[in-house]
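Trainee: The file below is structure-v2.cif, mmCIF, C-alpha atoms and all ligand atoms:
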```cif
data_run
loop_
_atom_site.label_atom_id
_atom_site.label_comp_id
_atom_site.auth_asym_id
_atom_site.auth_seq_id
_atom_site.Cartn_x
_atom_site.Cartn_y
_atom_site.Cartn_z
CA MET A 1 88.68 40.30 13.22
CA LYS A 2 91.11 38.81 10.77
CA VAL A 3 93.96 37.48 12.86
CA HIS A 4 97.49 37.51 11.45
CA ASN A 5 99.62 37.97 14.44
CA VAL A 6 99.40 35.83 17.55
CA GLU A 7 101.87 35.27 20.28
CA MET A 8 101.57 32.89 23.17
CA ILE A 9 103.25 35.12 25.65
CA MET A 10 103.12 33.43 28.96
CA SER A 11 101.83 30.92 31.43
CA ALA A 12 100.93 32.46 34.73
CA VAL A 13 99.82 31.12 38.05
CA ARG A 14 100.20 34.34 40.06
CA PRO A 15 99.12 37.96 39.46
CA GLU A 16 102.68 39.28 39.24
CA GLN A 17 103.12 37.01 36.21
CA TYR A 18 100.14 38.44 34.29
CA PRO A 19 101.10 40.51 31.24
CA ALA A 20 101.57 44.26 31.72
CA GLU A 21 100.36 45.53 28.33
CA GLY A 22 96.90 46.46 29.57
CA TYR A 23 95.00 45.18 26.51
CA PRO A 24 91.44 43.96 27.06
CA GLU A 25 91.36 40.33 28.18
CA PHE A 26 88.86 37.57 27.49
CA ALA A 27 89.13 34.46 29.62
CA LEU A 28 87.86 31.05 28.63
CA ALA A 29 85.89 29.08 31.19
CA GLY A 30 84.36 25.66 30.85
CA ARG A 31 84.40 22.04 31.78
CA SER A 32 87.57 20.17 31.20
CA ASN A 33 87.60 18.81 27.64
CA VAL A 34 84.66 20.94 26.49
CA GLY A 35 86.74 22.68 23.81
CA LYS A 36 88.17 25.90 25.29
CA SER A 37 91.60 25.58 23.69
CA SER A 38 89.99 24.48 20.42
CA PHE A 39 87.85 27.63 20.51
CA ILE A 40 90.95 29.81 20.78
CA ASN A 41 92.68 27.98 17.94
CA LYS A 42 89.62 28.32 15.71
CA MET A 43 89.22 32.01 16.46
CA ILE A 44 92.85 32.78 15.66
CA GLY A 45 93.02 30.46 12.69
CA ARG A 46 95.79 28.26 14.05
CA LYS A 47 95.47 24.53 14.18
CA SER A 48 97.18 23.97 17.45
CA LEU A 49 98.73 27.01 19.07
CA ALA A 50 96.65 26.42 22.18
CA ARG A 51 97.29 22.84 23.12
CA THR A 52 94.26 20.59 22.84
CA SER A 53 93.80 17.01 23.83
CA SER A 54 91.20 14.30 24.07
CA THR A 55 92.35 13.66 27.64
CA PRO A 56 90.92 16.24 30.04
CA GLY A 57 93.17 18.46 32.12
CA LYS A 58 95.58 19.49 29.37
CA THR A 59 95.64 23.18 30.28
CA GLN A 60 97.06 23.70 33.78
CA THR A 61 98.02 27.35 34.00
CA LEU A 62 96.61 30.67 32.82
CA ASN A 63 97.90 30.93 29.25
CA PHE A 64 97.86 34.39 27.69
CA TYR A 65 97.61 34.69 23.91
CA LYS A 66 98.30 38.12 22.53
CA ILE A 67 96.22 38.83 19.43
CA GLU A 68 97.21 41.55 16.95
CA GLU A 69 98.61 43.74 19.75
CA GLN A 70 94.98 44.41 20.66
CA LEU A 71 93.65 41.84 23.07
CA PHE A 72 94.45 38.72 25.05
CA PHE A 73 92.68 35.40 25.12
CA VAL A 74 93.35 33.74 28.44
CA ASP A 75 93.12 29.96 28.33
CA VAL A 76 92.12 28.69 31.73
CA PRO A 77 92.27 25.12 33.06
CA GLY A 78 88.89 23.42 32.93
CA TYR A 79 86.73 22.53 35.89
CA GLY A 80 84.86 19.37 36.78
CA TYR A 81 87.67 16.94 36.11
CA ALA A 82 87.07 14.24 38.70
CA ARG A 83 90.56 12.79 38.76
CA VAL A 84 92.37 15.75 40.24
CA SER A 85 93.21 15.74 43.93
CA LYS A 86 91.45 17.92 46.46
CA SER A 87 94.55 20.03 47.01
CA SER A 88 95.06 20.75 43.32
CA ARG A 89 91.37 21.61 43.07
CA GLU A 90 91.88 24.18 45.81
CA THR A 91 94.96 25.60 44.09
CA TRP A 92 92.92 25.78 40.88
CA GLY A 93 90.09 27.59 42.65
CA ARG A 94 92.41 30.17 44.17
CA MET A 95 94.22 30.83 40.91
CA ILE A 96 91.00 31.27 38.91
CA GLU A 97 89.23 33.33 41.52
CA GLU A 98 92.18 35.62 41.99
CA TYR A 99 92.29 36.25 38.26
CA LEU A 100 88.56 36.57 37.55
CA VAL A 101 87.71 38.73 40.53
CA GLY A 102 90.85 40.85 40.66
CA ARG A 103 91.78 41.50 37.06
CA GLU A 104 90.81 44.96 35.87
CA HIS A 105 91.61 44.21 32.21
CA LEU A 106 89.11 41.34 32.10
CA ARG A 107 86.26 42.44 29.81
CA ALA A 108 84.26 39.24 29.70
CA VAL A 109 84.44 35.56 30.38
CA ILE A 110 83.80 33.35 27.40
CA GLN A 111 82.02 30.42 28.97
CA ILE A 112 82.05 27.33 26.80
CA ILE A 113 79.19 24.86 27.14
CA ASP A 114 78.68 21.54 25.34
CA LEU A 115 75.54 22.05 23.20
CA ARG A 116 74.78 18.34 23.37
CA HIS A 117 74.04 18.26 27.09
CA PRO A 118 72.22 20.40 29.64
CA PRO A 119 74.64 22.56 31.66
CA THR A 120 76.27 20.57 34.45
CA LYS A 121 76.26 21.54 38.11
CA ASP A 122 79.78 22.89 37.63
CA ASP A 123 78.69 24.93 34.59
CA CYS A 124 75.92 26.49 36.67
CA ALA A 125 78.25 27.15 39.60
CA MET A 126 80.72 28.88 37.27
CA TYR A 127 78.01 31.01 35.72
CA ASP A 128 76.53 31.91 39.12
CA PHE A 129 80.01 32.99 40.18
CA LEU A 130 80.17 35.39 37.22
CA VAL A 131 76.73 36.76 38.05
CA HIS A 132 77.70 37.18 41.69
CA TYR A 133 80.79 39.23 40.81
CA ASN A 134 79.05 41.07 38.01
CA ILE A 135 81.41 39.76 35.36
CA PRO A 136 79.93 39.86 31.81
CA ALA A 137 79.80 36.55 29.96
CA ILE A 138 79.70 35.48 26.35
CA VAL A 139 78.26 31.97 26.39
CA ILE A 140 79.40 29.72 23.57
CA ALA A 141 77.54 26.46 22.96
CA THR A 142 80.13 24.42 21.12
CA LYS A 143 80.27 21.04 19.36
CA ALA A 144 77.19 22.11 17.37
CA ASP A 145 78.49 19.83 14.60
CA LYS A 146 77.43 16.91 16.79
CA ILE A 147 73.76 17.97 16.83
CA PRO A 148 71.46 18.03 13.80
CA ARG A 149 70.57 21.54 12.75
CA GLY A 150 66.85 21.00 13.42
CA LYS A 151 67.58 20.50 17.12
CA TRP A 152 69.85 23.49 17.68
CA GLU A 153 67.15 25.82 18.97
CA LYS A 154 65.83 23.24 21.41
CA HIS A 155 69.31 22.62 22.79
CA LYS A 156 70.03 26.32 22.99
CA LYS A 157 66.91 26.83 25.03
CA ILE A 158 68.02 24.11 27.46
CA VAL A 159 71.37 25.87 27.87
CA ARG A 160 69.75 29.28 28.31
CA GLU A 161 67.28 28.07 30.89
CA GLY A 162 69.73 25.74 32.64
CA LEU A 163 72.14 28.60 33.29
CA ASN A 164 69.38 31.14 33.88
CA LEU A 165 71.19 33.45 31.48
CA ARG A 166 71.21 37.21 32.05
CA LYS A 167 69.61 39.19 29.21
CA SER A 168 72.87 41.01 28.61
CA ASP A 169 74.83 37.80 27.98
CA PRO A 170 74.74 36.46 24.42
CA LEU A 171 74.47 32.74 23.69
CA LEU A 172 76.11 31.67 20.43
CA LEU A 173 76.35 28.39 18.59
CA PHE A 174 79.85 27.32 17.69
CA SER A 175 81.86 24.46 16.29
CA SER A 176 85.58 24.01 16.21
CA ALA A 177 85.25 21.08 13.86
CA LYS A 178 83.26 23.03 11.27
CA PRO A 179 83.61 26.69 10.45
CA MET A 180 80.67 27.94 12.42
CA GLY A 181 79.96 30.76 14.86
CA MET A 182 83.32 32.48 14.50
CA ASP A 183 82.15 35.76 13.01
CA GLU A 184 79.37 36.10 15.57
CA ALA A 185 81.81 35.44 18.40
CA TRP A 186 84.24 38.07 17.06
CA VAL A 187 81.40 40.62 16.89
CA GLU A 188 80.64 40.10 20.58
CA ILE A 189 84.31 40.24 21.54
CA GLU A 190 85.08 43.35 19.50
CA ARG A 191 82.05 45.13 20.91
CA ARG A 192 83.40 44.59 24.41
CA MET A 193 86.93 45.68 23.48
CA GLU A 194 85.65 49.19 22.86
CA LEU A 195 83.89 49.55 26.21
P1 LIG A 201 91.14 21.21 29.03
O1 LIG A 201 92.32 22.01 28.61
O2 LIG A 201 91.46 19.82 29.44
O3 LIG A 201 90.28 21.91 30.04
O4 LIG A 201 90.18 20.98 27.73
P2 LIG A 201 89.68 22.05 26.66
O5 LIG A 201 88.36 22.61 27.13
O6 LIG A 201 90.73 23.03 26.31
O7 LIG A 201 89.31 21.10 25.42
P3 LIG A 201 90.10 20.93 24.03
O8 LIG A 201 90.01 22.17 23.22
O9 LIG A 201 91.45 20.36 24.30
O10 LIG A 201 89.16 19.85 23.28
C1 LIG A 201 88.83 18.60 23.86
C2 LIG A 201 88.41 17.61 22.78
O11 LIG A 201 87.17 18.02 22.17
C3 LIG A 201 89.42 17.51 21.63
O12 LIG A 201 89.47 16.15 21.26
C4 LIG A 201 88.80 18.35 20.53
O13 LIG A 201 89.17 17.94 19.25
C5 LIG A 201 87.31 18.13 20.76
N1 LIG A 201 86.49 19.30 20.31
C6 LIG A 201 86.62 20.58 20.71
N2 LIG A 201 85.71 21.38 20.09
C7 LIG A 201 84.99 20.58 19.27
C8 LIG A 201 83.87 20.83 18.37
O14 LIG A 201 83.37 21.94 18.18
N3 LIG A 201 83.38 19.73 17.69
C9 LIG A 201 83.89 18.48 17.88
N4 LIG A 201 83.33 17.49 17.19
N5 LIG A 201 84.94 18.22 18.71
C10 LIG A 201 85.48 19.24 19.40
MG MG A 202 92.58 23.37 27.15
#
```
What does the file become when written as structure tokens?
Mentor:
Amino acid sequence: MKVHNVEMIMSAVRPEQYPAEGYPEFALAGRSNVGKSSFINKMIGRKSLARTSSTPGKTQTLNFYKIEEQLFFVDVPGYGYARVSKSSRETWGRMIEEYLVGREHLRAVIQIIDLRHPPTKDDCAMYDFLVHYNIPAIVIATKADKIPRGKWEKHKKIVREGLNLRKSDPLLLFSSAKPMGMDEAWVEIERRMEL
């Protein structure tokens, strides 16, 4: 998809604040600082519409980005950030669960994994959650620019096996620093928009 028109329409923490348009939604999930917001920016061709930061925990609410009056990307706060309090972790958990489990417009979760490392315990817990609730996933192994090309397949295999990926869930290489993986990611997203 060639993106011309993007609107950041709202930050939500409760269901009554979710947008009412009814377009298909794709939510980003991943460790804090893994590159979720960067993924959105890359896919929509904007440098910094979704706020990114080298300090983890930048994204705190569900942020809905309306793309071409056709779909929403939903930027979600990352998990696994050790310095948040127990109570804000619980609030986080409730907010995410309420959205992921209850949202009928959600077509797939785009789970972002760091290609450099095996999936963390939190990555696996997130993925198992999606499997448990039968939520389709598109798994994006990002920061591929940090790994020499000759090692991509080996790292991909570690991600695939570490998550115990369902056959129906694609695993794609991506980089927000280099133009890489965008077209393939759009193909998977557009396929699920039509379902
Ligand atoms: P939270 O909102 O805190 O959960 O983080 P996030 O997952 O949205 O991460 P964000 O997109 O803010 O990126 C975190 C850091 O990683 C930033 O410094 C980005 O520039 C960097 N980064 C993201 N993607 C890539 C990538 O593909 N390659 C490289 N080299 N750096 C990346
Ligand atoms: Mg973010």
Trainee: Would you mind listing what lies within 12 Å of segment 12-23 of chain A as a count of residues only, with all atoms listed in the file counted and same-chain residues fewer than 6 positions away left out?
Mentor: 40
Trainee: Find the residue from A:Val6, A:Ala125, A:Leu130, A:Leu173 that sits nearest to ligand LIG 201 (chain A); use only C-alpha atoms and all ligand atoms when measuring.
Mentor: A:Leu173
Trainee: When distances are computed from only C-alpha atoms and all ligand atoms, which of A:Ser87, A:Gln111, A:Ser176, A:Asn164 shows the smallest separation from ligand LIG 201 (chain A)?
Mentor: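 Looking at the shortest contact to ligand LIG 201 (chain A), the residue is A:Ser176.
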Trainee: So how far away is atom CA of Lys2 of chain A from atom CA of Arg31 of chain A, in Å?
Mentor: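 Computed distance, atom CA of Arg31 of chain A to atom CA of Lys2 of chain A, equals 27.7 Å.
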Trainee: Check the smallest atom-to-atom distance from each of A:Lys154, A:His132, A:Arg166, A:Lys143 to ligand LIG 201 (chain A) using all atoms listed in the file, then report the winner.
Mentor: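 Among the listed residues, the smallest separation from ligand LIG 201 (chain A) belongs to A:Lys143.
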Trainee: If we count only C-alpha atoms and set the cut-off at 10 Å, which residues sit around Leu28 of chain A, ignoring sequence neighbours fewer than 2 positions away in its own chain? Please answer as a ChimeraX atom specification.
Mentor: /A:25-26,30,35-37,39-40,62,73-78,108-112,137-140
Trainee: Of the candidates A:Ile113, A:Ala29, A:Leu171, A:Ile158, which one gets nearest to ligand MG 202 (chain A) if we count all atoms listed in the file?
Mentor: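 With all atoms listed in the file as the atom set, the closest residue is A:Ala29.
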Trainee: Suppose you want the space between atom C10 of ligand LIG 201 (chain A) and atom CA of Met1 of chain A; what is it in Å?
Mentor: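 Between atom C10 of ligand LIG 201 (chain A) and atom CA of Met1 of chain A the gap is 22.2 Å.
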Trainee: From the list A:Leu115, A:Met8, A:Val187, A:Val34, which residue is nearest Lys151 of chain A when using only C-alpha atoms?
Mentor: A:Leu115
Trainee: With only C-alpha atoms as the counted atoms, please give the residues lying no more than 8 Å from Gly45 of chain A, apart from itself and same-chain residues fewer than 3 positions off, as a list in words.
Mentor: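 After dropping sequence-adjacent residues, the list is Val3, Asn41 and Lys42 of chain A.
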Trainee: When you count all atoms listed in the file, which of these residues is closest to Ala141 of chain A: A:Leu172, A:Ile189, A:Ala177, A:Cys124?
Mentor: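 Distance minimum relative to Ala141 of chain A lands on A:Leu172.
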Trainee: Record the distance separating atom CA of Ser168 of chain A and atom O14 of ligand LIG 201 (chain A), expressed in Å with one decimal.
Mentor: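 Computing the Euclidean distance for atom CA of Ser168 of chain A and atom O14 of ligand LIG 201 (chain A) yields 24.1 Å.
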